[in-house]
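See structure below.
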Amino acid sequence: MTRRIKKVAVLGSGVMGSGIACHFANIGVEVLLIDIVPRELNDKEKAAGLTLESKAVRNRIVNDSLKNSLKSKPSPIYHPSFANRITTGNFDDDLSRIKDCDWVIEVVIERLDIKKSVFENVEKYRKPGSLITTNTSGISVEDMIEGRSDDFQQHFCGTHFFNPPRYLQLFEIIPTSKTKPEVMDFLSGYASKFLGKTPVLAKNTPAFIANRIGTFSIMELFNNVKNLDLTIPEIDKLTGPVIGRAKSATFRTADLVGLDTLVHVANNIKADTNDEANEQFGIPDYLQKMLENKWLGSKTKQGFFKKVVEDGKKKFLSIDFKTMKYVEAPKPRFSVFKKTKDIDDVRKRMPILFADDTKVGNFYRQSFYKLFQFVSNRIPEISDEIYKVDDAMNAGFGWKLGPFQTWDAVGVPETVKAMEKTGNKPAQWIYDMLDAGITAFYKVESGLKYFYDIPSKSYKAVPGQEGRLSLEVLRESNVLWENTGVSIFDLGDGVLNIEFHTKMNTVGQDVLVGLNKALDMAEADYSALVISNEGEHFSAGANVGMIYMLAIEQEWEDLDMAVQWFQKTVMRLRYSSVPVIAAPHGMTLGGGCEICMHSDKVVAHAETYMGLVEFGVGLIPGGGGTKEFVVRLSDELKNGDIRTNAFLNRYLSIGQAKISTSAYEAFDLGYLRKGQDEVIVSRAHHLAYAKQAALNLAEKGYTKPVMRKDIKVLGLEALGLVYVGADGFTTGNYMSEHDKLIAEKLGWVMAGGEISQALTEVSEHYLLNLERKAFLELCMQRKTLERIQSLITKGKILRN
């Protein structure tokens with residue numbers, strides 16, 4: 001029987017419970033969220049004359065928790081309306097409603113006795129065959145099923161979401177000895193395709209996989225930090241994005257998590273394990289002192305870091321371990337970074353960092369040798385397969401390279417010899433692997449990714465690759481053409497894919513050349529084109545450095561040609577003889593947004609942050625974005641509409657540089673088209689789905705569209721509204737004189753110029769000329785150049 005999830009019950013409405021409820025609501029599931037009944041009235045309830053029997057009182061805890069979650073930033077919900085899919089209740093009155101649920105998830109306090117009590121009550125009402133799981137982060141799931149029925153035990157396991165559930169991709173599945181294999185298979189498939197997670201099957205061991213390794217990595221550093229000639233800011237610089245990890249790195253992450261929480265996890269692991277690394281989970285003296293002083297991190301406004309204001313200026317201080325006082329440490333500077341600054345691929349960066357002969361190299365070698373030893377010794381304790389360890393760290397801690405992936409990058413045979421010399425000898429199976437003539441944990445062959453399988457001493461295909469496409473895997477054999485900015489792939493079945501790989505995937509000369517080349521190839525010999533990449537972001541927009549350089553040199557003809565080239569390229573996307581599908585994710589800004597808006601269809605990942613943000617650097621969208629908003633406004637206008645209101649909604653999306661907080665919000669802002677563009681939650685299935693969307697358009701009979709000449713513009717009717725509004729905002733000091741100029745230029749283009757008759761029809765070519773003219777005129781303004789310079793040199797938006 002096919003299992004379907006229509007309704008889910010989440011038991012416990014704390015930060016995790018509410019977050020999990022919101023994420024199920026995100027994907028369209030009906031959710032019942034329940035929590036305990038308050039034991040006493042609060043002052044507000046007393047003043048309102050309520051009693052402990054009042055429904056508002058009985059549901060106060062769950063309602064307040066959900067309300068706080070929905071107000072938190074970043075938001076746990078894709079769109080405010082999705083919260084309507086969540087119904088709240090309490091354990092006393094509403095637990096019986098779980099009889100209608102297909103999946104019950106327990107997310108109460110981390111105490112075994114309380115969890116077992118909850119499960120005893122759940123058993124009274126749950127329907128046979130329904131899933132029942134716990135979100136525990138470390139309690140033995142085997143201990144939880146004692147005394148439960150056979151049906152309960154067979155459908156029970158751990159399903160560990162990471163916080164925040166919407167954003168972190170790891171979904172650890174921890175079976176008991178009684179869990180049915182088909183339950184694990186279902187949860188793995190559902191987590192990937194529906195929840196957009198990376199499912200990792202973990203063993204019932206302390207802290208499972210990700211927290212066991214992640215906590216070791218942090219605690220090993222904490223226990224040895226005094227032996228390093230490095231400050232806290234320096235260590236965070238070395239353990240952040242430079243090695244493919246989060247910006248918060250190590251100590252900032254500890255502050256965000258809370259030192260008390262981190263110590264609690266470390267203490268539990270130390271108490272429940274007895275391995276060679278047990279002592280590394282001990283609490284060093286300085287950390288114990290910080291706990292005693294309540295220096296717990298962000299929650300107490302000081303931890304490893306402390307923000308102070310001196311002479312009206314903010315300063316970020318950090319602990320000096322020698323004095324245990326907060327100091328302002330010098331800005332970290334390391335010479336080796338000069339060698340790696342132009343290397344975007346972390347795999348290629350790691351060998352250079354490891355080979356460094358300064359304290360930086362010593363730090364990396366010391367830290368990673370211990371990590372390599374630790375993870376090799378945890379196989380097969382926490383997992384039988386190495387890829388699960390890497391998947392867990394990629395998805396749960398945001399490491400671009402997991403431990404074994406990093407080991408491959410720096411060379412396994414060479415590293416093993418160095419580890420022996422430093423007393424960090426790895427597990428025996430590593431030597432067995434090398435003796436078998438295998439020198440890497442992974443390989444790519446014939447379009448599939450393989451991992452080293454320890455029992456067979458051979459490579460096996462990583463499971464779950466069916467029905468998916470990965471550019472990383474295809475790169476070995478399917479690249480047809482490339483330059484420094486793009487690669488063009490053959491996805492099979494007559495579909496090409498163009499991948500950007502510039503810094504932040506910005507759009508410059510190489511990308512424009514690549515897009516035109518991809519269109520040439522697709523129109524000549526293929527059926528469709530997909531635009532996607534596997535970088536952190538789809539595209540941060542046009543290369544403003546190039547615009548600044550041409551403008552500062554007053555090369556106006558060259559700049560005009562560059563903008564015109566961009567416009568012509570996106571118009572080629574729109575009017576190609578083959579369907580073009582854009583598959584954005586992450587930041588999709590400026591020129592990246594314009595590329596998507598000119599595609600036949602957009603298949604956006606749910607976590608797509610889309611916007612036309614040029615206003616912030618003193619410009620308007622000049623790559624067809626402003627024109628496209630006018631086209632869409634014209635198509636949306638109906639008889640009886642208040643035209644100026646419709647115009648204003650479109651105008652403000654650009655004028656306020658609005659960025660969607662999800663792909664769903666991009667529909668509201670006008671960047672995506674309702675009924676035409678789509679959203680997918682699973683990043684793993686994103687490219688395959690986009691390819692299929694391209695094939696669907698091609699197979700049903702795709703005809704090259706006809707260029708538009710029927711775009712209705714409002715002319716002076718809208719322009720007057722813009723001028724009056726801009727003048728009022730300037731007079732009220734809500735915008736600067738330069739903001740006013742930009743606002744008026746934007747209005748002039750969106751109104752179609754100074755046309756006296758509203759609803760006059762114009763062509764796309766006409767609007768593109770207006771757009772380019774306004775863009776160039778703004779480039780000639782000193783204050784616009786100051787804004788662009790601020791973004792390039794400081795990474796900040798200047799309001800002048």
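In the structure tokens, the first chain shown is A, the next is B, and so on; residue numbers restart at 1 for each chain, and ligands run from 1 in the order shown.
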Spatial neighbours of Ser653 of chain A, 8 Å, only C-alpha atoms, chain gap at least 2 places, as a ChimeraX atom specification: /A:611-612,649-651,655-658,669-670
For the selection just defined, write its residues with C-alpha atoms to a file, as an mmCIF file, in the first residue's frame.
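So the final result, stored in again.cif, reads:
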```cif
data_model
loop_
_atom_site.group_PDB
_atom_site.id
_atom_site.type_symbol
_atom_site.label_atom_id
_atom_site.label_comp_id
_atom_site.auth_asym_id
_atom_site.auth_seq_id
_atom_site.Cartn_x
_atom_site.Cartn_y
_atom_site.Cartn_z
ATOM 1 C CA GLY A 611 14.987 40.614 -6.215
ATOM 2 C CA LEU A 612 15.808 43.525 -8.512
ATOM 3 C CA ASN A 649 2.691 47.572 -6.524
ATOM 4 C CA ARG A 650 5.050 46.758 -9.374
ATOM 5 C CA TYR A 651 6.981 49.997 -9.004
ATOM 6 C CA GLY A 655 11.929 51.060 -5.988
ATOM 7 C CA GLN A 656 12.317 49.510 -2.554
ATOM 8 C CA ALA A 657 14.702 46.795 -3.819
ATOM 9 C CA LYS A 658 12.480 44.125 -2.299
ATOM 10 C CA LEU A 669 6.590 40.580 -5.523
ATOM 11 C CA GLY A 670 6.133 39.881 -9.224
#
```
Which polymer residues have any atom within 7 Å of an atom of Val762 of chain A, counting only C-alpha atoms, with same-chain residues fewer than 3 positions away left out, as a PDB file with N, CA, C and O atoms, in the first residue's frame?
```
ATOM      1  N   LYS A 709       4.646  43.813 -29.192  1.00  0.00           N
ATOM      2  CA  LYS A 709       4.469  45.214 -29.596  1.00  0.00           C
ATOM      3  C   LYS A 709       3.162  45.774 -29.046  1.00  0.00           C
ATOM      4  O   LYS A 709       2.720  46.849 -29.457  1.00  0.00           O
ATOM      5  N   ASP A 710       2.564  45.013 -28.107  1.00  0.00           N
ATOM      6  CA  ASP A 710       1.226  45.362 -27.609  1.00  0.00           C
ATOM      7  C   ASP A 710       1.222  45.658 -26.116  1.00  0.00           C
ATOM      8  O   ASP A 710       0.255  45.379 -25.414  1.00  0.00           O
ATOM      9  N   ILE A 711       2.295  46.253 -25.615  1.00  0.00           N
ATOM     10  CA  ILE A 711       2.427  46.489 -24.169  1.00  0.00           C
ATOM     11  C   ILE A 711       1.786  47.828 -23.821  1.00  0.00           C
ATOM     12  O   ILE A 711       2.203  48.883 -24.320  1.00  0.00           O
ATOM     13  N   LYS A 712       0.782  47.781 -22.973  1.00  0.00           N
ATOM     14  CA  LYS A 712       0.050  48.995 -22.601  1.00  0.00           C
ATOM     15  C   LYS A 712       0.786  49.709 -21.476  1.00  0.00           C
ATOM     16  O   LYS A 712       1.088  49.103 -20.443  1.00  0.00           O
ATOM     17  N   TYR A 766      11.124  49.407 -27.616  1.00  0.00           N
ATOM     18  CA  TYR A 766      10.950  50.794 -27.150  1.00  0.00           C
ATOM     19  C   TYR A 766      11.276  50.898 -25.660  1.00  0.00           C
ATOM     20  O   TYR A 766      12.009  51.800 -25.223  1.00  0.00           O
TER      21      TYR A 766
END
```
Using 10 Å as the limit and counting only C-alpha atoms, can you tabulate each residue of segment 327-397 of chain A that touches segment 162-171 of chain A, with its shortest atom-to-atom distance in Å and the two atoms involved, as a Markdown table?
```
| residue | atom | partner | partner_atom | distance |
| --- | --- | --- | --- | --- |
| A:Asp391 | CA | A:Leu170 | CA | 8.0 |
| A:Ala392 | CA | A:Leu170 | CA | 6.2 |
| A:Met393 | CA | A:Leu170 | CA | 8.3 |
| A:Asn394 | CA | A:Leu170 | CA | 8.1 |
| A:Ala395 | CA | A:Leu170 | CA | 4.6 |
| A:Gly396 | CA | A:Leu170 | CA | 4.7 |
| A:Phe397 | CA | A:Leu168 | CA | 8.0 |
```
Of the candidates A:Leu228, A:Ala690, A:Ile109, A:Ala329, which shows the shortest atom-to-atom distance to Gly138 of chain A, using only C-alpha atoms?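 Answer, going by the shortest atom-to-atom distance: A:Ile109.
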Write out as a list in words which residues come within 8 Å of Leu759 of chain A when counting only C-alpha atoms, dropping same-chain ones fewer than 2 positions away. Lys712, Val713, Leu714, Gly715, Gln757 and Glu761 of chain A
Would you please work out which residue, of A:Leu32, A:Ala418, A:Leu687, A:Val530, is nearest to Leu496 of chain A when using only C-alpha atoms?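 The closest residue to Leu496 of chain A is A:Val530.
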